[in-house]
Structure formats: C-alpha cells, structure tokens
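**Student:** Quick one: the structure is below, questions incoming.
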Amino acid sequence: MNKENIAKSVLLPGDPRRAEYISKNYLAGSVPFKGLRGISGFTGTYMGRKVSVMGSGMGIPSVSLCASTLYECYDVQNIIRIGTCGTARDDVNIGDILIAEGCSTTSGINRRLFSGSLFCPIADFELLRTAIASAKENGLAVKVGNLISTDLFYDIADNDSGKLWWKFGILGVEMEGAGLYTTALRYGRRALMICTVSDSIITREGMSPELRETSLHEMISLGLNTIHHFCD
C-alpha cells in the first residue's frame with residue numbers, strides 16, 4: 001500500500017463497521033484501501049479536504065500497533081479516536097460526549113516502557129483546543145477531562161477500589177486512549193480521543209449494538225470538524 005492511499009489525518013474508530021459507515025455517510029469520493037492486519041480503511045474528502053478513516057480493533061495493544069504503523073510507515077500526522085465508553089458517575093449520562101485531555105490507565109504498558117515509573121499520556125493541545133472550539137461553535141455540549149483505559153472490559157467496578165477513580169474526577173472508562181496517546185507522544189505526532197457514553201456501570205443501562213454503530217452523529221461530526229483543520 002502506498003503512502004498516498006492514506007491521508008495525513010485519520011479518524012480512528014475501534015469498530016471497522018463504524019469506519020465503513022462513516023466513509024459511506026460522511027466522506028465524498030471515498031475509496032477503500034487495504035488496512036492493517038485485514039482491517040479495511042477508506043480515504044475520501046470532508047469539506048474538500050482529504051481524510052482517512054479505519055478501524056483500530058479493541059484494546060491498547062491493537063490501537064498502539066495500528067497508530068505506530070500509521071505514524072511510522074505512512075507518515076500520518078494526526079489521529080482522532082472516536083469511540084464509546086462507560087461511566088459510573090451520576091453527573092455523566094448515556095449519550096454525553098467526552099473529550100479526553102488525558103488518559104489514566106490500569107494497564108502496565110507505560111510501567112514497562114518507563115522502567116516501573118508512571119507516565120501520564122495526554123492529548124495534543126492543538127487538537128484539543130480545536131475540538132472544544134468546534135463544539136462551542138456548533139452549540140454542542142461536551143465534557144472535557146480525564147478518562148481511564150483498562151485492559152479488561154470496563155473492569156472499573158462500583159466498589160471501593162473503583163470508586164476512587166471516579167472520586168478523583170475520571171469521567172469515563174474505555175480500552176484504547178492511553179495506548180493512542182502514548183504512541184502519539186512517542187512519535188511526536190498529534191492524537192485526541194472523543195467518546196460517546198454508551199453504558200452506565202451504575203444502572204447497567206446501555207446503547208444497543210445498532211445504535212453504537214449508526215447513531216453517534218454528533219461525535220463523528222465533531223471528530224471530522226476538528227480534524228478537518230489539520231487535513232491536507
């Protein structure tokens with residue numbers, strides 16, 4: 001695959017089906033390309049500028065491998081992850097949009113990388129600032145703060161240990177952000193994560209798989225409107 005097949009700015013949902021949905025419904029002149037490890041991607045234009053979208057798979061190892069390849073082998077400069085997350089806060093509701101200025105994690109990935117020390121992976125400031133400005137411009141309510149990435153599916157339970165995370169301001173839990181942010185910082189590139197809350201750990205309520213795939217319009221639009229400013 002040639003570098004020219006992939007734009008310098010990539011929207012990165014976890015689910016490959018969501019990538020295909022975005023390509024069909026948001027990108028003009030979308031053309032598929034053979035993605036990484038059998039995950040297809042698509043390149044088209046949004047508001048006249050070239051952008052790609054592809055799935056990353058689930059979990060920190062998968063998104064780290066995907067982002068590393070995009071940054072190192074295809075000279076991608078900007079990645080925005082768009083995905084879903086859970087929450088155990090009573091002031092965060094299903095359907096809320098969260099922008100991660102930082103990503104805590106229960107994973108050992110950064111302890112291994114930094115010889116047992118803790119590293120705090122954060123978002124790129126320019127992408128973060130642009131996303132917040134875009135949300136305000138379009139009258140879109142968002143919450144900005146710290147999310148947490150776990151290796152096990154939503155393993156931050158509503159118990160004494162889990163409650164400490166929420167007490168210290170964690171807005172939501174997902175499985176990829178810390179890996180993406182660490183990889184971006186390693187390569188000196190830009191990354192941002194925008195999530196829609198799909199599950200409540202408190203009430204056990206959640207979006208259906210169909211809604212997760214097709215009804216996240218505000219998050220997708222925010223991601224595209226943000227990355228548009230950094231496209232070729």
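Chain identifiers are assigned as A, B, and so on, following the order in which chains appear in the structure tokens; residues are numbered from 1 within each chain, and ligands are numbered from 1 in order of appearance.
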When you look at Ser107 in chain A with a cut-off of 12 Å (counting only C-alpha atoms), what residues show up, excluding the ones that are within fewer than 6 positions of it in the same chain? I need them as a list of chain:residue names.
**Tutor:** A:Gly59, A:Ile60, A:Pro61, A:Leu113, A:Leu118, A:Phe119, A:Ile148, A:Ser149, A:Thr150, A:Asp151, A:Leu152, A:Phe153, A:Asp155, A:Glu174, A:Met175, A:Glu176, A:Gly177, A:Ala178, A:Gly179
**Student:** Those selected residues, please, written with N, CA and C atoms and delivered as a PDB file, in the first residue's frame.
**Tutor:**
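Result file result.pdb:
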ATOM      1  N   GLY A  59      -8.680  -2.588  22.393  1.00  0.00           N
ATOM      2  CA  GLY A  59      -7.615  -2.752  23.364  1.00  0.00           C
ATOM      3  C   GLY A  59      -6.365  -1.943  23.053  1.00  0.00           C
ATOM      4  N   ILE A  60      -5.579  -1.699  24.109  1.00  0.00           N
ATOM      5  CA  ILE A  60      -4.358  -0.909  23.984  1.00  0.00           C
ATOM      6  C   ILE A  60      -3.348  -1.529  23.021  1.00  0.00           C
ATOM      7  N   PRO A  61      -3.081  -2.843  23.059  1.00  0.00           N
ATOM      8  CA  PRO A  61      -2.116  -3.402  22.099  1.00  0.00           C
ATOM      9  C   PRO A  61      -2.527  -3.177  20.649  1.00  0.00           C
ATOM     10  N   LEU A 113       7.341   0.496  29.749  1.00  0.00           N
ATOM     11  CA  LEU A 113       8.066   1.402  28.869  1.00  0.00           C
ATOM     12  C   LEU A 113       9.005   2.316  29.645  1.00  0.00           C
ATOM     13  N   LEU A 118       5.670   5.935  36.379  1.00  0.00           N
ATOM     14  CA  LEU A 118       4.382   6.247  35.783  1.00  0.00           C
ATOM     15  C   LEU A 118       4.520   7.392  34.790  1.00  0.00           C
ATOM     16  N   PHE A 119       3.910   7.242  33.634  1.00  0.00           N
ATOM     17  CA  PHE A 119       3.891   8.286  32.612  1.00  0.00           C
ATOM     18  C   PHE A 119       2.448   8.646  32.335  1.00  0.00           C
ATOM     19  N   ILE A 148     -10.127   6.896  31.674  1.00  0.00           N
ATOM     20  CA  ILE A 148      -9.230   5.808  32.058  1.00  0.00           C
ATOM     21  C   ILE A 148      -9.365   4.651  31.074  1.00  0.00           C
ATOM     22  N   SER A 149      -8.217   4.119  30.668  1.00  0.00           N
ATOM     23  CA  SER A 149      -8.174   2.990  29.733  1.00  0.00           C
ATOM     24  C   SER A 149      -7.827   1.716  30.501  1.00  0.00           C
ATOM     25  N   THR A 150      -8.622   0.678  30.299  1.00  0.00           N
ATOM     26  CA  THR A 150      -8.401  -0.578  31.001  1.00  0.00           C
ATOM     27  C   THR A 150      -8.100  -1.700  30.011  1.00  0.00           C
ATOM     28  N   ASP A 151      -7.498  -2.760  30.511  1.00  0.00           N
ATOM     29  CA  ASP A 151      -7.239  -3.939  29.679  1.00  0.00           C
ATOM     30  C   ASP A 151      -8.420  -4.897  29.675  1.00  0.00           C
ATOM     31  N   LEU A 152      -9.184  -4.902  30.758  1.00  0.00           N
ATOM     32  CA  LEU A 152     -10.376  -5.734  30.846  1.00  0.00           C
ATOM     33  C   LEU A 152     -11.601  -4.877  30.599  1.00  0.00           C
ATOM     34  N   PHE A 153     -12.620  -5.458  30.005  1.00  0.00           N
ATOM     35  CA  PHE A 153     -13.778  -4.683  29.571  1.00  0.00           C
ATOM     36  C   PHE A 153     -14.480  -4.032  30.765  1.00  0.00           C
ATOM     37  N   ASP A 155     -13.540  -2.831  33.643  1.00  0.00           N
ATOM     38  CA  ASP A 155     -13.295  -3.512  34.918  1.00  0.00           C
ATOM     39  C   ASP A 155     -13.201  -2.546  36.102  1.00  0.00           C
ATOM     40  N   GLU A 174     -12.720   3.348  29.059  1.00  0.00           N
ATOM     41  CA  GLU A 174     -12.702   2.703  27.744  1.00  0.00           C
ATOM     42  C   GLU A 174     -11.422   1.879  27.665  1.00  0.00           C
ATOM     43  N   MET A 175     -10.995   1.495  26.468  1.00  0.00           N
ATOM     44  CA  MET A 175      -9.924   0.496  26.399  1.00  0.00           C
ATOM     45  C   MET A 175      -8.763   0.849  25.466  1.00  0.00           C
ATOM     46  N   GLU A 176      -8.740   2.076  24.906  1.00  0.00           N
ATOM     47  CA  GLU A 176      -7.710   2.367  23.908  1.00  0.00           C
ATOM     48  C   GLU A 176      -6.941   3.674  24.115  1.00  0.00           C
ATOM     49  N   GLY A 177      -7.525   4.662  24.739  1.00  0.00           N
ATOM     50  CA  GLY A 177      -6.982   6.020  24.728  1.00  0.00           C
ATOM     51  C   GLY A 177      -5.551   6.155  25.197  1.00  0.00           C
ATOM     52  N   ALA A 178      -5.208   5.509  26.323  1.00  0.00           N
ATOM     53  CA  ALA A 178      -3.847   5.638  26.852  1.00  0.00           C
ATOM     54  C   ALA A 178      -2.810   5.102  25.871  1.00  0.00           C
ATOM     55  N   GLY A 179      -3.150   4.033  25.154  1.00  0.00           N
ATOM     56  CA  GLY A 179      -2.241   3.486  24.156  1.00  0.00           C
ATOM     57  C   GLY A 179      -2.039   4.431  22.991  1.00  0.00           C
TER      58      GLY A 179
END
**Student:** Quick one: everything within 8 Å of Asp199 in chain A, counting only C-alpha atoms, minus sequence neighbours fewer than 6 positions away in the same chain. Send it as an MDAnalysis selection string.
**Tutor:** chainID A and resid 85:87 94 205:207
**Student:** Suppose we keep N, CA and C atoms; can you now write the selection as a PDB file, in the first residue's frame?
**Tutor:**
ATOM      1  N   CYS A  85     -17.711   4.717  25.499  1.00  0.00           N
ATOM      2  CA  CYS A  85     -17.125   4.473  26.812  1.00  0.00           C
ATOM      3  C   CYS A  85     -18.237   4.250  27.825  1.00  0.00           C
ATOM      4  N   GLY A  86     -17.854   3.776  28.995  1.00  0.00           N
ATOM      5  CA  GLY A  86     -18.789   3.616  30.099  1.00  0.00           C
ATOM      6  C   GLY A  86     -18.505   4.642  31.175  1.00  0.00           C
ATOM      7  N   THR A  87     -19.422   4.784  32.109  1.00  0.00           N
ATOM      8  CA  THR A  87     -19.222   5.710  33.217  1.00  0.00           C
ATOM      9  C   THR A  87     -19.908   5.180  34.467  1.00  0.00           C
ATOM     10  N   ILE A  94     -25.728   8.656  29.599  1.00  0.00           N
ATOM     11  CA  ILE A  94     -25.629   7.969  28.316  1.00  0.00           C
ATOM     12  C   ILE A  94     -25.938   8.972  27.205  1.00  0.00           C
ATOM     13  N   GLU A 205     -27.536   0.269  32.257  1.00  0.00           N
ATOM     14  CA  GLU A 205     -28.184   0.628  31.003  1.00  0.00           C
ATOM     15  C   GLU A 205     -27.131   0.865  29.930  1.00  0.00           C
ATOM     16  N   GLY A 206     -27.525   0.676  28.675  1.00  0.00           N
ATOM     17  CA  GLY A 206     -26.570   0.892  27.606  1.00  0.00           C
ATOM     18  C   GLY A 206     -27.222   0.994  26.245  1.00  0.00           C
ATOM     19  N   MET A 207     -26.467   1.515  25.289  1.00  0.00           N
ATOM     20  CA  MET A 207     -26.925   1.582  23.907  1.00  0.00           C
ATOM     21  C   MET A 207     -26.914   0.193  23.290  1.00  0.00           C
TER      22      MET A 207
END
**Student:** Have a look at A:Gly14, A:Gly145, A:Gly172, A:Gly29 and name the one nearest to Ile201 in chain A; count only C-alpha atoms.
**Tutor:** A:Gly172
**Student:** Going by DSSP on the backbone, which bits of chain A are alpha helix (DSSP H)? Write them as a VMD selection string, please.
**Tutor:** chain A and resid 16 to 26 60 to 73 109 to 113 125 to 137 160 to 167 177 to 187 209 to 214 217 to 227
**Student:** Lys24 in chain A: which residues within 12 Å, counting only C-alpha atoms, same-chain residues fewer than 5 positions away excluded, as a list in words?
**Tutor:**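 Near neighbours after the sequence-gap exclusion: Arg17, Arg18, Ala19, Gly29, Ser30, Val31, Pro32, Gly41, Phe42, Thr43, Gly44, Thr45, Tyr46, Val53 and Thr214 of chain A.
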**Student:** If you keep C-alpha atoms, can you produce a file of those selected residues as an mmCIF file, in the first residue's frame?
**Tutor:**
data_model
loop_
_atom_site.group_PDB
_atom_site.id
_atom_site.type_symbol
_atom_site.label_atom_id
_atom_site.label_comp_id
_atom_site.auth_asym_id
_atom_site.auth_seq_id
_atom_site.Cartn_x
_atom_site.Cartn_y
_atom_site.Cartn_z
ATOM 1 C CA ARG A 17 -18.083 -1.347 10.678
ATOM 2 C CA ARG A 18 -18.215 2.171 12.095
ATOM 3 C CA ALA A 19 -15.365 3.142 9.785
ATOM 4 C CA GLY A 29 -15.426 10.137 -3.159
ATOM 5 C CA SER A 30 -14.486 7.526 -0.572
ATOM 6 C CA VAL A 31 -12.117 4.820 -1.833
ATOM 7 C CA PRO A 32 -11.234 1.707 0.216
ATOM 8 C CA GLY A 41 -9.802 1.648 5.652
ATOM 9 C CA PHE A 42 -11.261 4.378 3.464
ATOM 10 C CA THR A 43 -9.962 7.671 2.112
ATOM 11 C CA GLY A 44 -12.160 10.472 0.829
ATOM 12 C CA THR A 45 -12.756 14.158 1.379
ATOM 13 C CA TYR A 46 -14.599 16.066 4.063
ATOM 14 C CA VAL A 53 -10.989 6.517 8.405
ATOM 15 C CA THR A 214 -25.135 4.180 13.394
#
**Student:** Would you kindly return, as a list of chain:residue names, each protein, DNA or RNA residue with an atom no farther than 9 Å from any atom of Ile6 in chain A, considering only C-alpha atoms and excluding same-chain residues fewer than 2 positions away?
**Tutor:**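 Counting only the stated atoms, we get A:Met1, A:Asn2, A:Lys3, A:Glu4, A:Lys8, A:Ser9, A:Val10, A:Phe33, A:Gly41, A:Phe42, A:Thr43, A:Lys50, A:Val51, A:Ser52, A:Val53, A:Leu70, A:Tyr74, A:Asp75, A:Val76.
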**Student:** Could you write those residues out with N, CA and C atoms, as a PDB file, in the first residue's frame?
**Tutor:**
ATOM      1  N   MET A   1       0.835  -1.190   0.000  1.00  0.00           N
ATOM      2  CA  MET A   1       0.000   0.000   0.000  1.00  0.00           C
ATOM      3  C   MET A   1       0.876   1.248   0.000  1.00  0.00           C
ATOM      4  N   ASN A   2       0.581   2.207  -0.882  1.00  0.00           N
ATOM      5  CA  ASN A   2       1.347   3.433  -0.978  1.00  0.00           C
ATOM      6  C   ASN A   2       0.939   4.426   0.102  1.00  0.00           C
ATOM      7  N   LYS A   3       1.884   5.271   0.495  1.00  0.00           N
ATOM      8  CA  LYS A   3       1.580   6.293   1.480  1.00  0.00           C
ATOM      9  C   LYS A   3       0.462   7.211   1.010  1.00  0.00           C
ATOM     10  N   GLU A   4       0.384   7.423  -0.291  1.00  0.00           N
ATOM     11  CA  GLU A   4      -0.604   8.334  -0.847  1.00  0.00           C
ATOM     12  C   GLU A   4      -2.044   7.841  -0.636  1.00  0.00           C
ATOM     13  N   LYS A   8      -2.985  12.291   5.713  1.00  0.00           N
ATOM     14  CA  LYS A   8      -2.143  12.641   6.859  1.00  0.00           C
ATOM     15  C   LYS A   8      -2.957  12.739   8.146  1.00  0.00           C
ATOM     16  N   SER A   9      -4.273  12.821   8.015  1.00  0.00           N
ATOM     17  CA  SER A   9      -5.161  12.899   9.175  1.00  0.00           C
ATOM     18  C   SER A   9      -6.161  11.757   9.110  1.00  0.00           C
ATOM     19  N   VAL A  10      -6.266  11.010  10.218  1.00  0.00           N
ATOM     20  CA  VAL A  10      -7.059   9.778  10.221  1.00  0.00           C
ATOM     21  C   VAL A  10      -8.030   9.785  11.392  1.00  0.00           C
ATOM     22  N   PHE A  33      -9.038   1.174   1.045  1.00  0.00           N
ATOM     23  CA  PHE A  33      -7.662   0.716   0.927  1.00  0.00           C
ATOM     24  C   PHE A  33      -7.472  -0.480   1.854  1.00  0.00           C
ATOM     25  N   GLY A  41      -9.676   0.228   5.416  1.00  0.00           N
ATOM     26  CA  GLY A  41      -9.802   1.648   5.652  1.00  0.00           C
ATOM     27  C   GLY A  41     -10.360   2.338   4.417  1.00  0.00           C
ATOM     28  N   PHE A  42     -10.652   3.625   4.553  1.00  0.00           N
ATOM     29  CA  PHE A  42     -11.261   4.378   3.464  1.00  0.00           C
ATOM     30  C   PHE A  42     -10.680   5.785   3.452  1.00  0.00           C
ATOM     31  N   THR A  43     -10.448   6.307   2.266  1.00  0.00           N
ATOM     32  CA  THR A  43      -9.962   7.671   2.112  1.00  0.00           C
ATOM     33  C   THR A  43     -10.898   8.432   1.186  1.00  0.00           C
ATOM     34  N   LYS A  50      -8.752  16.085   2.324  1.00  0.00           N
ATOM     35  CA  LYS A  50      -8.514  14.641   2.338  1.00  0.00           C
ATOM     36  C   LYS A  50      -8.423  14.114   3.768  1.00  0.00           C
ATOM     37  N   VAL A  51      -9.204  13.070   4.049  1.00  0.00           N
ATOM     38  CA  VAL A  51      -9.187  12.438   5.367  1.00  0.00           C
ATOM     39  C   VAL A  51      -9.401  10.940   5.195  1.00  0.00           C
ATOM     40  N   SER A  52      -8.796  10.150   6.061  1.00  0.00           N
ATOM     41  CA  SER A  52      -8.991   8.698   6.047  1.00  0.00           C
ATOM     42  C   SER A  52      -9.697   8.261   7.314  1.00  0.00           C
ATOM     43  N   VAL A  53     -10.341   7.111   7.237  1.00  0.00           N
ATOM     44  CA  VAL A  53     -10.989   6.517   8.405  1.00  0.00           C
ATOM     45  C   VAL A  53     -10.757   5.014   8.353  1.00  0.00           C
ATOM     46  N   LEU A  70       0.648   3.639  11.372  1.00  0.00           N
ATOM     47  CA  LEU A  70       0.194   4.828  10.644  1.00  0.00           C
ATOM     48  C   LEU A  70       1.198   5.969  10.765  1.00  0.00           C
ATOM     49  N   TYR A  74       3.322   5.339   7.318  1.00  0.00           N
ATOM     50  CA  TYR A  74       2.505   6.087   6.363  1.00  0.00           C
ATOM     51  C   TYR A  74       2.505   7.585   6.627  1.00  0.00           C
ATOM     52  N   ASP A  75       3.381   8.019   7.511  1.00  0.00           N
ATOM     53  CA  ASP A  75       3.599   9.444   7.753  1.00  0.00           C
ATOM     54  C   ASP A  75       2.326  10.181   8.155  1.00  0.00           C
ATOM     55  N   VAL A  76       1.433   9.487   8.841  1.00  0.00           N
ATOM     56  CA  VAL A  76       0.226  10.138   9.364  1.00  0.00           C
ATOM     57  C   VAL A  76       0.642  11.111  10.468  1.00  0.00           C
TER      58      VAL A  76
END
**Student:** Considering only C-alpha atoms, return as a compact mmCIF listing (two decimals) with C-alpha atoms, in the first residue's frame whatever protein or nucleic-acid residues lie within 8 Å of Ser134 in chain A, sequence-local ones (same chain, fewer than 3 positions apart) excluded.
**Tutor:**
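So around-v3.txt came out as:
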# COMPACT_ATOMS: atom_id res chain seq x y z
CA THR A 130 -9.78 22.93 18.15
CA ALA A 131 -12.29 20.29 19.27
CA GLU A 137 -19.29 26.94 17.62
CA ASN A 138 -21.87 24.25 16.86
CA LEU A 222 -17.12 16.76 15.99
CA ASN A 225 -14.88 19.08 12.03
CA THR A 226 -11.84 19.02 14.29
**Student:** Let me make sure I understand: among A:Val197, A:Leu180, A:Leu140, A:Ala100, which one has the smallest atom-to-atom distance to Val63 in chain A if we use only C-alpha atoms?
**Tutor:**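 With only C-alpha atoms as the atom set, the closest residue is A:Leu180.
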**Student:** Report the residues of range 103-232 of chain A whose backbone DSSP state falls under strand (DSSP E or B), written as a list in words.
**Tutor:**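 Reading the DSSP output for range 103-232 of chain A, strand (DSSP E or B) covers Cys103, Ser104, Thr105, Ile122, Val142, Lys143, Val144, Gly145, Asn146, Leu147, Ile148, Ser149, Val173, Glu174, Arg190, Ala191, Leu192, Met193, Ile194, Cys195, Thr196, Val197, Ser198, Asp199, Ser200 and Gly206 of chain A.
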**Student:** Include C-alpha atoms and write out the residues we just selected as a PDB file, in the first residue's frame.
**Tutor:**
ATOM      1  CA  CYS A 103      -5.863   9.127  29.877  1.00  0.00           C
ATOM      2  CA  SER A 104      -5.148   7.289  33.096  1.00  0.00           C
ATOM      3  CA  THR A 105      -4.786   3.524  32.788  1.00  0.00           C
ATOM      4  CA  ILE A 122      -2.114  13.499  27.352  1.00  0.00           C
ATOM      5  CA  VAL A 142     -19.191  18.320  25.771  1.00  0.00           C
ATOM      6  CA  LYS A 143     -17.370  17.377  28.954  1.00  0.00           C
ATOM      7  CA  VAL A 144     -13.572  17.642  28.983  1.00  0.00           C
ATOM      8  CA  GLY A 145     -11.402  15.763  31.453  1.00  0.00           C
ATOM      9  CA  ASN A 146      -9.546  12.595  32.366  1.00  0.00           C
ATOM     10  CA  LEU A 147     -10.666   9.176  31.108  1.00  0.00           C
ATOM     11  CA  ILE A 148      -9.230   5.808  32.058  1.00  0.00           C
ATOM     12  CA  SER A 149      -8.174   2.990  29.733  1.00  0.00           C
ATOM     13  CA  VAL A 173     -13.737   4.220  31.089  1.00  0.00           C
ATOM     14  CA  GLU A 174     -12.702   2.703  27.744  1.00  0.00           C
ATOM     15  CA  ARG A 190      -0.928  14.561  17.317  1.00  0.00           C
ATOM     16  CA  ALA A 191      -3.723  12.490  18.866  1.00  0.00           C
ATOM     17  CA  LEU A 192      -7.075  13.134  20.501  1.00  0.00           C
ATOM     18  CA  MET A 193      -9.870  10.914  21.779  1.00  0.00           C
ATOM     19  CA  ILE A 194     -13.565  11.781  21.683  1.00  0.00           C
ATOM     20  CA  CYS A 195     -16.037   9.328  23.224  1.00  0.00           C
ATOM     21  CA  THR A 196     -19.776   8.999  23.493  1.00  0.00           C
ATOM     22  CA  VAL A 197     -21.017   7.462  26.737  1.00  0.00           C
ATOM     23  CA  SER A 198     -22.750   4.224  25.788  1.00  0.00           C
ATOM     24  CA  ASP A 199     -23.018   2.411  29.129  1.00  0.00           C
ATOM     25  CA  SER A 200     -23.751   3.189  32.763  1.00  0.00           C
ATOM     26  CA  GLY A 206     -26.570   0.892  27.606  1.00  0.00           C
TER      27      GLY A 206
END
**Student:** Ranking A:Ile132, A:Ala184, A:Leu127, A:Met47 by minimum distance to Ile97 in chain A and counting only C-alpha atoms, which one comes first?
**Tutor:**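 Result for the nearest residue to Ile97 in chain A: A:Ile132.
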**Student:** For Phe114 in chain A, find every residue with an atom within 12 Å (counting only C-alpha atoms), except residues of its own chain fewer than 5 positions away, and show them as a PyMOL selection string.
**Tutor:** chain A and resi 108-109+119-120+182+186
**Student:** Can I get the selected residues back with C-alpha atoms, as a PDB file, in the first residue's frame?
**Tutor:**
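Generated file (part_3.pdb):
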ATOM      1  CA  GLY A 108       1.060  -1.998  32.653  1.00  0.00           C
ATOM      2  CA  ILE A 109       2.071  -0.622  29.243  1.00  0.00           C
ATOM      3  CA  PHE A 119       3.891   8.286  32.612  1.00  0.00           C
ATOM      4  CA  CYS A 120       0.764  10.390  32.077  1.00  0.00           C
ATOM      5  CA  THR A 182       1.430   7.283  24.433  1.00  0.00           C
ATOM      6  CA  ARG A 186       6.477   8.646  21.240  1.00  0.00           C
TER       7      ARG A 186
END
**Student:** Pick out the residues sitting within 9 Å of Leu11 in chain A, and hand them over as a list of chain:residue names; count only C-alpha atoms, and ignore anything fewer than 3 positions along from it in its own chain.
**Tutor:** A:Ala19, A:Val51, A:Ser52, A:Val53, A:Met54, A:Gly55, A:Asn78, A:Ile79, A:Ile80, A:Arg81, A:Ile82, A:Ile220, A:Gly223, A:Leu224, A:Ile227
